[in-house]
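S.K.: Sharing upload31.cif (mmCIF, C-alpha atoms) below.
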```cif
data_model
loop_
_atom_site.label_atom_id
_atom_site.label_comp_id
_atom_site.auth_asym_id
_atom_site.auth_seq_id
_atom_site.Cartn_x
_atom_site.Cartn_y
_atom_site.Cartn_z
CA MET A 16 210.69 -21.11 206.31
CA LYS A 17 208.98 -18.94 208.94
CA ALA A 18 207.59 -20.93 211.88
CA ALA A 19 206.31 -20.69 215.46
CA ILE A 20 208.90 -22.67 217.42
CA VAL A 21 208.64 -24.18 220.90
CA LYS A 22 212.22 -24.33 222.15
CA GLU A 23 211.69 -26.28 225.37
CA LYS A 24 208.98 -28.06 227.35
CA GLY A 25 206.38 -25.66 228.71
CA ALA A 26 207.55 -22.70 226.65
CA VAL A 27 205.32 -20.44 224.56
CA PRO A 28 206.26 -20.56 220.85
CA VAL A 29 208.24 -17.73 219.28
CA ILE A 30 208.76 -16.79 215.66
CA GLY A 31 211.87 -18.27 214.10
CA HIS A 32 213.11 -20.07 211.01
CA MET A 33 213.39 -23.77 210.23
CA ASP A 34 214.38 -25.71 207.13
CA SER A 35 211.37 -26.51 204.97
CA PRO A 36 210.23 -30.15 205.04
CA VAL A 37 210.79 -32.52 202.13
CA ALA A 38 208.24 -35.12 201.04
CA THR A 39 209.11 -38.77 201.69
CA ASP A 40 207.30 -42.09 201.25
CA GLY A 41 203.76 -41.63 202.58
CA LEU A 42 204.45 -38.10 203.85
CA VAL A 43 203.42 -35.06 201.83
CA VAL A 44 204.24 -31.38 202.12
CA ILE A 45 201.30 -29.09 202.90
CA ASN A 46 201.43 -25.36 202.21
CA VAL A 47 199.70 -24.12 205.36
CA SER A 48 197.06 -21.40 205.13
CA ALA A 49 195.52 -21.43 208.63
CA ALA A 50 195.71 -23.26 211.95
CA GLY A 51 193.27 -23.14 214.85
CA LEU A 52 194.47 -23.09 218.45
CA SER A 53 192.79 -25.58 220.74
CA ARG A 54 193.63 -26.54 224.29
CA VAL A 55 194.93 -29.95 223.21
CA SER A 56 197.05 -28.45 220.43
CA LYS A 57 198.69 -25.97 222.78
CA PHE A 58 199.35 -28.47 225.56
CA ARG A 59 200.64 -31.08 223.11
CA SER A 60 202.96 -28.55 221.48
CA MET A 61 204.42 -27.59 224.87
CA GLY A 62 204.99 -31.24 225.83
CA MET A 63 202.30 -31.14 228.53
CA HIS A 64 199.78 -33.61 227.07
CA TYR A 65 199.68 -37.41 227.09
CA LEU A 66 200.00 -37.32 223.28
CA SER A 67 203.30 -35.38 223.46
CA GLU A 68 206.05 -37.68 222.22
CA PHE A 69 208.87 -35.65 220.71
CA ASN A 70 212.10 -33.83 221.44
CA PHE A 71 212.43 -30.04 221.40
CA PRO A 72 212.69 -27.71 219.57
CA ILE A 73 209.58 -28.31 217.45
CA VAL A 74 207.16 -26.30 215.33
CA ALA A 75 203.95 -25.71 217.31
CA GLY A 76 200.49 -26.74 216.16
CA MET A 77 198.73 -30.08 215.80
CA ASP A 78 196.42 -29.57 212.83
CA GLY A 79 195.43 -27.03 210.23
CA VAL A 80 194.32 -26.25 206.71
CA GLY A 81 196.38 -25.80 203.56
CA THR A 82 196.96 -26.90 199.99
CA MET A 83 198.69 -29.93 198.52
CA GLU A 84 200.96 -29.92 195.48
CA ASP A 85 197.98 -30.30 193.14
CA GLY A 86 196.33 -27.22 194.69
CA SER A 87 193.59 -29.13 196.49
CA ARG A 88 192.47 -27.62 199.81
CA VAL A 89 192.72 -30.01 202.73
CA TYR A 90 192.49 -30.28 206.47
CA PHE A 91 195.45 -32.13 207.97
CA ALA A 92 196.05 -33.68 211.38
CA LEU A 93 199.07 -34.77 213.41
CA SER A 94 201.96 -33.28 211.46
CA ALA A 95 205.16 -35.34 211.52
CA ALA A 96 207.55 -34.03 214.22
CA PRO A 97 209.38 -31.72 214.36
CA TYR A 98 206.99 -30.04 211.91
CA GLY A 99 203.74 -28.58 213.24
CA SER A 100 200.92 -26.64 211.65
CA LEU A 101 202.15 -23.16 212.65
CA ALA A 102 204.61 -22.73 209.84
CA GLU A 103 204.60 -21.92 206.14
CA HIS A 104 204.94 -25.62 205.31
CA THR A 105 204.46 -28.88 207.18
CA LEU A 106 204.85 -32.61 206.64
CA VAL A 107 201.83 -34.89 207.00
CA ASN A 108 200.80 -38.48 206.41
CA ARG A 109 198.64 -38.36 203.28
CA LYS A 110 196.10 -40.63 205.00
CA LEU A 111 195.54 -37.96 207.67
CA THR A 112 194.16 -35.37 205.25
CA VAL A 113 190.55 -34.53 204.40
CA ARG A 114 189.41 -32.54 201.37
CA LEU A 115 187.51 -29.36 202.22
CA PRO A 116 184.07 -28.67 200.74
CA ASP A 117 184.14 -25.81 198.24
CA ASP A 118 181.66 -23.82 200.35
CA LEU A 119 183.81 -23.92 203.49
CA ASP A 120 186.46 -21.23 204.00
CA ASP A 121 189.92 -21.97 205.43
CA VAL A 122 189.52 -20.02 208.68
CA THR A 123 186.22 -21.67 209.61
CA ALA A 124 187.57 -25.12 208.74
CA ALA A 125 190.71 -24.59 210.84
CA ALA A 126 188.66 -23.33 213.79
CA ILE A 127 185.90 -25.90 213.75
CA ALA A 128 187.83 -29.10 212.99
CA ASN A 129 189.24 -30.01 216.40
CA PRO A 130 186.33 -29.10 218.69
CA GLY A 131 183.81 -30.30 216.14
CA MET A 132 185.38 -33.69 215.51
CA SER A 133 185.90 -34.37 219.22
CA SER A 134 182.21 -33.72 219.91
CA TRP A 135 181.07 -35.72 216.87
CA ALA A 136 183.32 -38.68 217.72
CA ALA A 137 182.21 -38.71 221.36
CA LEU A 138 178.55 -38.60 220.40
CA VAL A 139 178.59 -41.04 217.48
CA TYR A 140 181.48 -43.43 218.06
CA ARG A 141 181.74 -43.56 221.85
CA ALA A 142 178.13 -43.01 222.92
CA GLY A 143 176.54 -44.73 219.91
CA PHE A 144 174.04 -41.87 219.57
CA LYS A 145 170.90 -42.53 217.52
CA SER A 146 168.46 -40.01 216.08
CA GLY A 147 165.58 -39.40 218.48
CA GLN A 148 167.63 -39.73 221.65
CA THR A 149 168.01 -37.18 224.46
CA VAL A 150 171.44 -35.61 225.04
CA LEU A 151 172.73 -33.74 228.09
CA ILE A 152 175.82 -31.58 227.56
CA ASN A 153 177.78 -30.57 230.67
CA GLY A 154 179.94 -27.55 229.93
CA ALA A 155 177.93 -26.36 226.94
CA THR A 156 179.13 -22.75 227.04
CA GLY A 157 182.63 -23.54 225.77
CA VAL A 158 183.52 -23.87 222.09
CA SER A 159 183.32 -27.68 222.04
CA GLY A 160 180.17 -27.78 224.12
CA SER A 161 178.32 -25.23 222.03
CA LEU A 162 179.31 -27.11 218.86
CA ALA A 163 178.08 -30.33 220.48
CA VAL A 164 174.67 -28.70 220.90
CA GLN A 165 174.54 -27.92 217.18
CA ILE A 166 175.85 -31.36 216.19
CA ALA A 167 173.37 -33.21 218.39
CA LYS A 168 170.50 -31.24 216.91
CA GLY A 169 171.86 -31.70 213.39
CA LEU A 170 172.05 -35.46 213.90
CA GLY A 171 168.46 -35.61 215.08
CA ALA A 172 168.44 -35.37 218.89
CA LYS A 173 164.91 -35.41 220.25
CA LYS A 174 165.88 -33.21 223.19
CA VAL A 175 169.03 -31.31 224.16
CA ILE A 176 169.72 -30.34 227.80
CA VAL A 177 172.65 -28.09 228.70
CA THR A 178 174.40 -27.41 231.98
CA GLY A 179 177.27 -25.13 232.89
CA ARG A 180 178.63 -22.33 235.03
CA ASN A 181 177.59 -19.31 232.93
CA GLU A 182 173.83 -18.84 233.12
CA SER A 183 173.61 -16.05 230.54
CA LYS A 184 175.53 -18.10 227.95
CA LEU A 185 173.40 -21.15 228.66
CA GLN A 186 170.21 -19.17 228.16
CA ALA A 187 171.52 -17.94 224.79
CA LEU A 188 171.70 -21.50 223.45
CA GLU A 189 168.71 -22.81 221.51
CA VAL A 190 167.98 -25.90 223.62
CA ASP A 191 165.12 -27.59 225.45
CA GLU A 192 166.45 -27.24 229.02
CA ALA A 193 169.26 -25.16 230.56
CA ILE A 194 170.50 -25.59 234.14
CA ALA A 195 173.22 -23.38 235.61
CA PHE A 196 175.25 -24.28 238.69
CA ASP A 197 177.75 -22.72 241.08
CA MET A 198 179.99 -25.27 242.76
CA THR A 199 181.65 -22.56 244.87
CA ALA A 200 178.38 -21.73 246.67
CA ASP A 201 177.26 -23.46 249.84
CA SER A 202 175.70 -26.83 248.96
CA GLY A 203 176.35 -26.04 245.29
CA GLN A 204 176.69 -29.69 244.27
CA LYS A 205 173.51 -30.70 246.12
CA ARG A 206 171.53 -27.80 244.61
CA PHE A 207 172.67 -28.77 241.13
CA GLU A 208 171.75 -32.40 241.74
CA ASP A 209 168.28 -31.37 242.96
CA ALA A 210 167.74 -29.18 239.88
CA LEU A 211 168.74 -32.08 237.63
CA MET A 212 166.40 -34.66 239.13
CA PRO A 213 163.09 -33.70 237.44
CA VAL A 214 164.80 -33.23 234.08
CA ILE A 215 166.74 -36.50 234.22
CA ALA A 216 163.65 -38.36 235.44
CA GLU A 217 162.16 -37.77 231.99
CA GLY A 218 165.03 -39.79 230.49
CA VAL A 219 168.54 -39.10 229.21
CA ASP A 220 170.39 -41.35 226.78
CA VAL A 221 173.77 -39.60 226.37
CA ILE A 222 175.77 -37.25 228.58
CA LEU A 223 178.71 -35.42 226.99
CA ASP A 224 180.89 -34.07 229.79
CA TYR A 225 183.54 -31.43 229.08
CA LEU A 226 184.08 -30.42 232.73
CA TRP A 227 184.46 -33.48 234.98
CA GLY A 228 184.80 -32.63 238.68
CA ASP A 229 181.92 -32.02 241.09
CA SER A 230 179.37 -31.24 238.38
CA ALA A 231 180.02 -34.60 236.70
CA LEU A 232 179.58 -36.37 240.04
CA ALA A 233 176.29 -34.53 240.63
CA ILE A 234 174.98 -35.65 237.23
CA MET A 235 175.92 -39.30 237.86
CA SER A 236 174.38 -39.15 241.34
CA ALA A 237 171.14 -37.75 239.95
CA LEU A 238 171.08 -40.44 237.26
CA ALA A 239 171.53 -43.15 239.90
CA LYS A 240 168.70 -41.75 242.05
CA THR A 241 166.16 -41.86 239.20
CA HIS A 242 166.19 -45.69 239.38
CA THR A 243 165.42 -46.07 235.69
CA ASP A 244 166.29 -49.04 233.50
CA ARG A 245 167.10 -46.68 230.62
CA VAL A 246 170.81 -46.89 229.79
CA ALA A 247 172.64 -43.57 230.11
CA ARG A 248 176.05 -43.38 228.45
CA PHE A 249 178.21 -40.85 230.27
CA VAL A 250 181.11 -39.77 228.05
CA SER A 251 184.05 -37.96 229.67
CA ILE A 252 185.68 -35.68 227.08
CA GLY A 253 187.63 -33.10 229.08
CA THR A 254 188.51 -31.65 232.47
CA SER A 255 187.80 -27.95 231.96
CA SER A 256 186.69 -27.67 235.59
CA GLY A 257 190.31 -28.14 236.60
CA GLN A 258 189.40 -31.17 238.71
CA GLU A 259 191.30 -34.16 237.34
CA ASN A 260 190.11 -36.53 240.08
CA ILE A 261 186.75 -37.10 241.78
CA HIS A 262 185.52 -39.35 244.58
CA LEU A 263 183.12 -41.65 242.73
CA PRO A 264 181.43 -44.18 245.04
CA SER A 265 181.06 -47.58 243.40
CA SER A 266 177.45 -47.62 244.62
CA ILE A 267 176.56 -45.00 241.98
CA LEU A 268 177.59 -47.39 239.23
CA ARG A 269 176.25 -50.52 240.94
CA SER A 270 172.82 -49.00 241.53
CA SER A 271 172.32 -47.47 238.08
CA THR A 272 172.37 -48.15 234.35
CA ILE A 273 175.16 -45.61 233.78
CA GLU A 274 177.83 -46.64 231.27
CA LEU A 275 180.94 -44.56 231.98
CA ILE A 276 183.06 -44.00 228.86
CA GLY A 277 185.97 -41.81 227.85
CA SER A 278 186.56 -40.13 224.52
CA GLY A 279 189.94 -38.82 223.40
CA GLY A 280 192.97 -39.34 221.21
CA ASP A 281 193.51 -42.99 222.13
CA SER A 282 189.89 -44.13 222.43
CA VAL A 283 188.73 -43.26 218.90
CA SER A 284 190.58 -44.54 215.84
CA LYS A 285 192.21 -42.08 213.46
CA ALA A 286 189.91 -43.35 210.69
CA ASP A 287 186.82 -42.58 212.77
CA MET A 288 188.21 -39.16 213.73
CA LEU A 289 188.67 -38.30 210.05
CA THR A 290 185.17 -39.53 209.27
CA ALA A 291 183.95 -37.29 212.09
CA VAL A 292 185.72 -34.23 210.70
CA ARG A 293 184.22 -34.90 207.26
CA GLY A 294 180.78 -34.89 208.85
CA VAL A 295 181.57 -31.66 210.68
CA PHE A 296 182.77 -29.98 207.48
CA GLU A 297 179.70 -31.06 205.54
CA MET A 298 177.40 -29.76 208.26
CA ALA A 299 179.33 -26.48 208.43
CA ALA A 300 179.27 -26.07 204.64
CA GLU A 301 175.48 -26.47 204.76
CA GLY A 302 175.25 -23.69 207.36
CA LYS A 303 174.16 -26.01 210.18
CA LEU A 304 177.32 -25.43 212.25
CA THR A 305 178.81 -22.06 213.12
CA ILE A 306 181.77 -20.94 215.20
CA ASN A 307 183.05 -17.52 216.23
CA THR A 308 186.70 -16.88 215.41
CA ALA A 309 189.45 -14.38 216.22
CA GLU A 310 192.07 -14.07 213.48
CA PHE A 311 195.80 -13.53 213.98
CA VAL A 312 198.81 -13.63 211.66
CA LEU A 313 201.80 -15.87 212.33
CA GLU A 314 203.90 -12.97 213.62
CA GLU A 315 201.27 -12.52 216.38
CA ILE A 316 201.73 -16.06 217.69
CA GLU A 317 202.40 -15.06 221.30
CA GLU A 318 199.24 -12.94 221.41
CA ALA A 319 197.23 -15.70 219.75
CA TRP A 320 198.65 -18.33 222.12
CA ASN A 321 197.53 -16.36 225.16
CA ALA A 322 194.13 -15.40 223.75
CA PRO A 323 190.90 -16.91 225.14
CA LEU A 324 189.73 -20.07 223.36
CA SER A 325 186.37 -18.42 222.67
CA PRO A 326 186.13 -16.95 220.13
CA ARG A 327 188.41 -19.60 218.65
CA PRO A 328 191.87 -18.18 217.79
CA VAL A 329 192.95 -18.93 214.23
CA VAL A 330 196.42 -18.13 212.98
CA LYS A 331 196.54 -17.24 209.28
CA VAL A 332 199.84 -18.30 207.77
CA LYS A 333 199.21 -17.24 204.17
#
```
Can the structure from this file be put into structure tokens for me?

M.R.:
Amino acid sequence: MKAAIVKEKGAVPVIGHMDSPVATDGLVVINVSAAGLSRVSKFRSMGMHYLSEFNFPIVAGMDGVGTMEDGSRVYFALSAAPYGSLAEHTLVNRKLTVRLPDDLDDVTAAAIANPGMSSWAALVYRAGFKSGQTVLINGATGVSGSLAVQIAKGLGAKKVIVTGRNESKLQALEVDEAIAFDMTADSGQKRFEDALMPVIAEGVDVILDYLWGDSALAIMSALAKTHTDRVARFVSIGTSSGQENIHLPSSILRSSTIELIGSGGDSVSKADMLTAVRGVFEMAAEGKLTINTAEFVLEEIEEAWNAPLSPRPVVKVK
């Protein structure tokens, strides 16, 4: 079968051929139709993610959309190595599949699944979000962040506040408050913290953070300085700022009601992740979630691999 193959750690996949998978106990063959490219999928495929646990060569891709033997359309996650989602066929645990709503097309499902489920899981399962709460999203101009805005509103957020580095993109979001920052400017962190204070003083229940770094520290510092007894659950989802480590004084946590939580592959169960993706698909099928996509064919894998993540690259296999 035709496949996008990663031959060694850190390499970009190239088109090649691999023997088609054969179904075994608990594992089913999926005829792949489309696969979205996310940051985690690319890094995992290249052996550069904490979830990478396989020997090369492998077929790239972590999840996708396709059909089962009975013709049913499904989303699938975590293909069994060495088979990934960027091939004509893949091998998947039957329990890691989700039926697609009839009103949801393959490309949209492939694009929205990973960023949508990560935002949903962080909000619902890690932060314990309840309808009527206020949500602050740090890094809302990326694909996951912009979906988080839609998901929070769809689940009944009373107020949505967004922060990020691109002011024009922030202003384009339909939210209650938008605060841009520039950490490269003189006193950038302090200016951001000062801008946050009056907004946070009104109360924030959940912070979804896709950036980490100095902006995350500014948000936690502002939360601590409000001296409120309202619990604020700060959920770290990603490090898009490029800053893996920050200097977080213990006094910020000791003098506040911040609950610092992480959300990722090992902090949310597979069952909850699949429940999250079902919720995302239902919301998308109802027209409450949208995502911009850029379509490629499998033979264009190198171009797709190097494309920006927004609009979301989707590789059509069939």

S.K.: Would you translate the PyMOL selection byres ((chain A and resi 17) around 9) into the concrete set of residues it matches in this file, as number ranges by chain?

M.R.: A: 16, 18-19, 30-35, 101-104, 313

S.K.: Keeping only C-alpha atoms, write the selected residues as a CSV table (one decimal), keeping the file's coordinate frame.

M.R.:
```
chain,number,residue,atom,x,y,z
A,16,MET,CA,210.7,-21.1,206.3
A,18,ALA,CA,207.6,-20.9,211.9
A,19,ALA,CA,206.3,-20.7,215.5
A,30,ILE,CA,208.8,-16.8,215.7
A,31,GLY,CA,211.9,-18.3,214.1
A,32,HIS,CA,213.1,-20.1,211.0
A,33,MET,CA,213.4,-23.8,210.2
A,34,ASP,CA,214.4,-25.7,207.1
A,35,SER,CA,211.4,-26.5,205.0
A,101,LEU,CA,202.2,-23.2,212.6
A,102,ALA,CA,204.6,-22.7,209.8
A,103,GLU,CA,204.6,-21.9,206.1
A,104,HIS,CA,204.9,-25.6,205.3
A,313,LEU,CA,201.8,-15.9,212.3
```

S.K.: Expand the PyMOL selection byres ((chain A and resi 212-224) around 9) into the individual residues it matches in the shown file, reporting them as a PyMOL selection string.

M.R.: chain A and resi 134+137-138+142-144+148-155+160+163+174+176+192+207-211+225-227+231+234+237-238+240-243+245-254

S.K.: CA of Gly228 (chain A) to CA of Gly179 (chain A): how many Å, to one decimal?

M.R.: 12.1 Å

S.K.: Which residues of region 78-147 of chain A come within 7 Å of region 48-64 of chain A, and for each one, what is the closest pair of atoms and their distance in Å to one decimal, counting only C-alpha atoms, sorted by chain and residue number, as CSV?

M.R.:
```
residue,atom,partner,partner_atom,distance
A:Asp78,CA,A:Ala50,CA,6.4
A:Gly79,CA,A:Ala50,CA,4.2
A:Val80,CA,A:Ala49,CA,5.3
A:Gly81,CA,A:Ser48,CA,4.7
A:Ser100,CA,A:Ala50,CA,6.2
A:Leu101,CA,A:Ala50,CA,6.5
A:Asp121,CA,A:Ala49,CA,6.5
A:Val122,CA,A:Ala49,CA,6.2
A:Ala125,CA,A:Gly51,CA,5.0
A:Ala126,CA,A:Gly51,CA,4.7
```

S.K.: At what distance in Å, to one decimal, does CA of Thr178 (chain A) lie from CA of Ser159 (chain A)?

M.R.: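 We find that CA of Ser159 (chain A) and CA of Thr178 (chain A) lie 13.4 Å from each other.
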
S.K.: Between A:Gln165, A:Ser133, A:Ser94, A:Ser325, which one has atoms that come closest to Val292 (chain A), using all atoms listed in the file?

M.R.: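 Closest residue, counting all atoms listed in the file: A:Ser133.
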
S.K.: Given the file shown, determine the residues that the PyMOL selection byres ((chain A and resi 285) around 12) selects; report them as a list in words.

M.R.: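 Applying the PyMOL selection byres ((chain A and resi 285) around 12) to the structure shown produces Phe91, Ala92, Leu93, Asn108, Lys110, Leu111, Thr112, Val113, Met132, Ser133, Ala136, Tyr140, Gly279, Gly280, Asp281, Ser282, Val283, Ser284, Ala286, Asp287, Met288, Leu289, Thr290, Ala291 and Val292 of chain A.
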
S.K.: Mind giving me the straight-line distance from CA of Trp135 (chain A) to CA of Gly294 (chain A) in Å, one decimal?

M.R.: 8.1 Å

S.K.: Given all atoms listed in the file as the basis, pick out the residue of A:Ala193, A:Glu259, A:Lys173, A:Arg206 nearest to Ala233 (chain A).

M.R.: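 That would be A:Arg206, the residue with the smallest distance to Ala233 (chain A).
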
S.K.: Closest to Gly99 (chain A) among A:Val74, A:Leu188, A:Val44, A:Leu119, using all atoms listed in the file?

M.R.: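 Closest candidate: A:Val74.
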
S.K.: With all atoms listed in the file as the counted atoms, please give the residues lying no more than 12 Å from Val37 (chain A), apart from itself and same-chain residues fewer than 3 positions off, as an NGL selection string.

M.R.: :A and (34 or 40-46 or 95 or 98 or 104-107)

S.K.: Only C-alpha atoms, please: the residues just picked out, written as a PDB file, in the coordinates of the input.

M.R.:
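As a result, result25.pdb now contains:
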```pdb
ATOM      1  CA  ASP A  34     214.380 -25.710 207.130  1.00  0.00           C
ATOM      2  CA  ASP A  40     207.300 -42.090 201.250  1.00  0.00           C
ATOM      3  CA  GLY A  41     203.760 -41.630 202.580  1.00  0.00           C
ATOM      4  CA  LEU A  42     204.450 -38.100 203.850  1.00  0.00           C
ATOM      5  CA  VAL A  43     203.420 -35.060 201.830  1.00  0.00           C
ATOM      6  CA  VAL A  44     204.240 -31.380 202.120  1.00  0.00           C
ATOM      7  CA  ILE A  45     201.300 -29.090 202.900  1.00  0.00           C
ATOM      8  CA  ASN A  46     201.430 -25.360 202.210  1.00  0.00           C
ATOM      9  CA  ALA A  95     205.160 -35.340 211.520  1.00  0.00           C
ATOM     10  CA  TYR A  98     206.990 -30.040 211.910  1.00  0.00           C
ATOM     11  CA  HIS A 104     204.940 -25.620 205.310  1.00  0.00           C
ATOM     12  CA  THR A 105     204.460 -28.880 207.180  1.00  0.00           C
ATOM     13  CA  LEU A 106     204.850 -32.610 206.640  1.00  0.00           C
ATOM     14  CA  VAL A 107     201.830 -34.890 207.000  1.00  0.00           C
TER      15      VAL A 107
END
```

S.K.: As number ranges by chain, please: the residues near Val27 (chain A) (cut-off 10 Å, all atoms listed in the file, same-chain neighbours under 3 positions excluded).

M.R.: A: 19-24, 57, 60-61, 75, 316-317, 320-321

S.K.: So which residues touch Val295 (chain A) within 8 Å, counting all atoms listed in the file, skipping near sequence neighbours fewer than 5 positions away, as an NGL selection string?

M.R.: :A and (127-128 or 131-132 or 135 or 166 or 304)

S.K.: I need region 221-255 of chain A from the structure I supplied, saved as a PDB file, in the first residue's frame with C-alpha atoms retained.

M.R.:
```pdb
ATOM      1  CA  VAL A 221     -10.868  28.508  34.295  1.00  0.00           C
ATOM      2  CA  ILE A 222      -7.701  29.417  32.417  1.00  0.00           C
ATOM      3  CA  LEU A 223      -6.805  27.317  29.372  1.00  0.00           C
ATOM      4  CA  ASP A 224      -3.158  27.985  28.537  1.00  0.00           C
ATOM      5  CA  TYR A 225      -1.720  26.938  25.166  1.00  0.00           C
ATOM      6  CA  LEU A 226       1.444  29.069  25.410  1.00  0.00           C
ATOM      7  CA  TRP A 227       3.125  28.680  28.821  1.00  0.00           C
ATOM      8  CA  GLY A 228       6.180  30.903  29.282  1.00  0.00           C
ATOM      9  CA  ASP A 229       6.142  34.526  30.440  1.00  0.00           C
ATOM     10  CA  SER A 230       2.505  35.129  29.520  1.00  0.00           C
ATOM     11  CA  ALA A 231       1.391  32.225  31.716  1.00  0.00           C
ATOM     12  CA  LEU A 232       3.449  33.594  34.601  1.00  0.00           C
ATOM     13  CA  ALA A 233       1.875  37.042  34.137  1.00  0.00           C
ATOM     14  CA  ILE A 234      -1.618  35.540  34.308  1.00  0.00           C
ATOM     15  CA  MET A 235      -0.840  33.598  37.493  1.00  0.00           C
ATOM     16  CA  SER A 236       0.768  36.676  39.053  1.00  0.00           C
ATOM     17  CA  ALA A 237      -2.298  38.783  38.250  1.00  0.00           C
ATOM     18  CA  LEU A 238      -4.566  36.099  39.705  1.00  0.00           C
ATOM     19  CA  ALA A 239      -2.530  36.037  42.920  1.00  0.00           C
ATOM     20  CA  LYS A 240      -2.670  39.843  43.257  1.00  0.00           C
ATOM     21  CA  THR A 241      -6.478  39.954  43.084  1.00  0.00           C
ATOM     22  CA  HIS A 242      -6.645  38.309  46.546  1.00  0.00           C
ATOM     23  CA  THR A 243      -9.945  36.602  45.783  1.00  0.00           C
ATOM     24  CA  ASP A 244     -11.259  33.429  47.396  1.00  0.00           C
ATOM     25  CA  ARG A 245     -12.685  32.322  44.041  1.00  0.00           C
ATOM     26  CA  VAL A 246     -10.879  29.184  42.853  1.00  0.00           C
ATOM     27  CA  ALA A 247      -9.158  29.595  39.481  1.00  0.00           C
ATOM     28  CA  ARG A 248      -8.136  26.384  37.736  1.00  0.00           C
ATOM     29  CA  PHE A 249      -5.132  27.047  35.501  1.00  0.00           C
ATOM     30  CA  VAL A 250      -4.797  24.276  32.906  1.00  0.00           C
ATOM     31  CA  SER A 251      -1.493  23.968  31.025  1.00  0.00           C
ATOM     32  CA  ILE A 252      -2.164  22.410  27.610  1.00  0.00           C
ATOM     33  CA  GLY A 253       0.832  23.344  25.463  1.00  0.00           C
ATOM     34  CA  THR A 254       4.073  25.291  25.119  1.00  0.00           C
ATOM     35  CA  SER A 255       3.529  27.173  21.862  1.00  0.00           C
TER      36      SER A 255
END
```
